[in-house]
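Everything on this sheet refers to the single structure shown next.
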Amino acid sequence: MQSFDLNGEWKLYYFPQGKYAVAHPDSLKLLELQPIAAAVPGNVELDLQRAGLLPDPGVGENIHLLKEYEIYEWWYQREFTVGAEISQGKLELLFHGVDCLATYWLDDREIGRTANMLIEHRLDVTGLLQAGRTYTLTVRLQSPVIEALGKTYDPSSFALPVNFEQLWIRKAAHSFGWDIMGRAVSAGLWRSVELVAHGANEIAELYFATTAANAKQATLQVFYQLKVEPEKLVGLQLRISGTCGESQFAVTRDLRFAYGNIEVTVTDPQLWWPRGYGEASLYEVKTELLHKGEMIAARSDTTGLRLLEFIRTDVTTIERPGQFLFKVNHVPILIKGSNWVPMDLFHSKDAAKYADAIALAVDLNCNMLRSWGGNVYEDHAFFDLCDRNGILVWQDFAMACAIYPQAPEFQEMLRNEATAIVRKLRNHPSLAVWCGDNECDEFFVMRGLDPNNNILTRRVLPEVVFQCDPYRPYVPSSPYISPEAYALKSVDVLPERHLWGVRDYFKSIFYTTPKSHFAGEMGYHGCTNLSSIRRFIDPSHVWPWQENEQWIIHSTDPLGSKDSMYHFRVKLMADQINELFGEYPEGIEDFILASQISQAEAKKYFVERVRLNKWQTTGILWWNLLDGWPQFSDAVVDYYHVKKLAYHYIKRVQQPVCVMVDEPENWNVQVLVGNDTNGAARGDFRVWDAESKETLLAGAFEVEANGLLALGDIRAPRSMQRLLLIEWTIDGKRYGNHYMLGSPGFSLAQYKTWLQEIAKLPDAFDADAVGR
């Protein structure tokens, strides 16, 4: 197989859809329109910016300028010359990402139509190209909003007020506006374009599945699909060899047909482990197709040997305690990670951001990322990074916060999409679980409907997963409301929940008493740093926060109006400050600092609650790692990659071994050490008062693998407002944490002095830079 790059500069024509009678490239020529240069991969808004026709949509109120382009059509066009190396076999034009409703022409011949941003599209051009000739490739993108206007909507469908358009249009749901992203109904060839020449014989597909694994032996199932000339079926062999460090395996099998599976036994395997539990070992696998001893096709792949179990019950009650637990290689894994949301409003930017974003997750010791259903499906490069860094991926199918059409037409669209995505991503060892959607079960219940009638997640998607990836678990929704849970009419019985609530004090009863085992989402607001605010808020709107339309737009409110459902979010941020410190700071510097302290203490507490209740609670995926556009949000790193205070606090409490202080009970607080590794941990610790420097508890500890150990008690009446500092040493390396004792309101002036001491602990940071 050979591939020829068609990326680079294209021409872009654009105008309101229907303004001209244009349905063919020849008609386009008659208009004598002046195109602008377009980058592929790219998005049209970025091209308009480069041409000086559009200001940065991330600044001020500019996001609203995109509204007029929602009803435009966009025509991409470029010429290419076919090289002499083109074979006479099968030829395909491969579009890795097209947003969204496309018609394609090769010269004046229509060669295909597609209507899905989220998957790649292959157009067969066999016999249409001759070496040495130059061809014109044209792609017309029509308005998704106009397309949505032409659809029929039933009472069984529902969406949020700002984005009903998402229901029938297969593009990232956030594009139509969300509480974390501005409304940008974009268009573009957002991933690469290439011409692919296929050989007569190919190893078309391989599927790797580990079906048994321990330290002594692993079993790898290899399913193969070949493209073979019929006359070569006699004398056909498949040779598979793999290497990971000193570990190797090799097997050769005679074949009688183009499909089958080979079971490979690997002795003394190098197993793949999630971060903190061992090495994320990867095997380089070479597969060769032989005919009478001669190699006629080959390919290379990377895979990990790991056995993943997902143990969950439909409900959890006092009488029948349930589970929501991931095991890898028979070891329970305490999940500490984040929700992965869109990298950018404009997804052609995503690929360039993967490495830095995953580096942040690694630095924070995350062992899982949840790829949220309002996003795109990330590309192989994202999963490759997760594979190498031991980060499990919870993958939602691309549906969020809505009741999608149940019509046969939509079922078929979703079935085709899911089949393409599952086949594409299923070989990544980091991929832990397929999930039907984000919060759609909850939307059914909000409308008084039973989510178990949802054909999409109860029939279509599980059938696809079983068909294409039968060894990987599937859950219908996050949170999943089973028939039994729906009958009980209580969120308290759900093993997994999204813990948002009214978002009051982070130690309120809502956060301290949930009966669920796993938090699929859990967040808290933190104001963006001042240097970043000045980059996306016009100078006249930087302060004050009250009734500030630009703060509201970037909070994020896609409508920016007082009657919008998202109008409350700036006031929420201020109220969370007041809840902790008993004041609304009058200056922007104190407002930002107080907000970041509030967020940092909250998220640290959320992670600690999970660790201190191990295994009653089995994981948290806090919301969220990184902003996809400039805003005030729950993210711990803003759009410009400036870290908030919460980043540093989370890094400390997500260390594989962590010393923590529990909440007061019986006049004392208990000090415990949590060990989320595969080996016993030994060390020394000390807890002291930040102001008096008095040592309150100290000693040595030895905690078993994957264990939780009580180290002692410290006198702590609830009326006392006190900062406890914690340090421990393991194998010569020092670690740090802290605990804020007492009840609100705390003194912001006092916390500023505490912050200086907190910052000096191991994994130190600059306290004076917080909020700046």
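Labels used: A, B, ... for chains in the order of the structure tokens, numbers from 1 for residues in each chain, and numbers from 1 for ligands as shown.
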Open item on the list: Among range 650-721 of chain A, which residues does DSSP mark as strand (DSSP E) when it is run on the backbone? Keep the chain and numbering as in the structure and answer as a PyMOL selection string.
Closed with: chain A and resi 657-661+668-675+681-689+695-703+708-715
For the interface of range 524-639 of chain A with range 653-675 of chain A (cut-off 12 Å, counting only C-alpha atoms), please tabulate each contacting residue of range 524-639 of chain A alongside its nearest pair of atoms and their separation in Å to one decimal, rows sorted by chain and increasing number, as CSV.
```
residue,atom,partner,partner_atom,distance
A:Ala600,CA,A:Val653,CA,11.1
A:Glu601,CA,A:Val653,CA,11.0
A:Lys603,CA,A:Val653,CA,9.7
A:Lys604,CA,A:Val653,CA,6.6
A:Tyr605,CA,A:Val653,CA,9.0
A:Phe606,CA,A:Val653,CA,10.0
A:Val607,CA,A:Val653,CA,7.0
A:Glu608,CA,A:Val653,CA,6.9
A:Arg609,CA,A:Asp662,CA,8.1
A:Val610,CA,A:Gly674,CA,10.4
A:Arg611,CA,A:Gly674,CA,6.6
A:Leu612,CA,A:Asp662,CA,7.2
A:Asn613,CA,A:Asp662,CA,9.9
A:Lys614,CA,A:Gly674,CA,8.5
A:Trp615,CA,A:Gly674,CA,11.2
A:Gly619,CA,A:Gln654,CA,11.5
A:Ile620,CA,A:Gln654,CA,10.8
A:Leu621,CA,A:Gln654,CA,11.8
A:Trp622,CA,A:Gln654,CA,11.8
```
TODO: Considering only C-alpha atoms, return as an NGL selection string whatever protein or nucleic-acid residues lie within 12 Å of range 676-682 of chain A, sequence-local ones (same chain, fewer than 4 positions apart) excluded.
DONE: :A and (273-279 or 328-336 or 365-367 or 610-612 or 614-615 or 618-619 or 653-659 or 699-709 or 728-733)
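Residues of range 664-754 of chain A that DSSP places in helix (DSSP H, G or I), based on the backbone of this structure, are A:Leu748, A:Ala749, A:Gln750, A:Tyr751, A:Lys752, A:Thr753, A:Trp754.
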- [ ] Might you pull out every residue within 9 Å of Gln221 in chain A, with only C-alpha atoms counted and same-chain residues fewer than 2 positions away left off, and present them as a list in words?
- [x] Tyr207, Phe208, Ala209, Thr210, Thr211, Thr219, Phe223, Asn261, Ile262, Glu263, Val264 and Thr265 of chain A
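Between Leu364 in chain A and the residues A:Ile391, A:Ala418, A:Ile481, A:Ala519, the shortest atom-to-atom distance, using only C-alpha atoms, involves A:Ile391.
Proximity ranking of A:Asp254, A:Lys90, A:Arg133, A:Gly745 relative to Glu202 in chain A places A:Lys90 first, based on only C-alpha atoms.
If you look at CA of Ser478 in chain A and CA of Gly523 in chain A, they are 15.6 Å away from each other.
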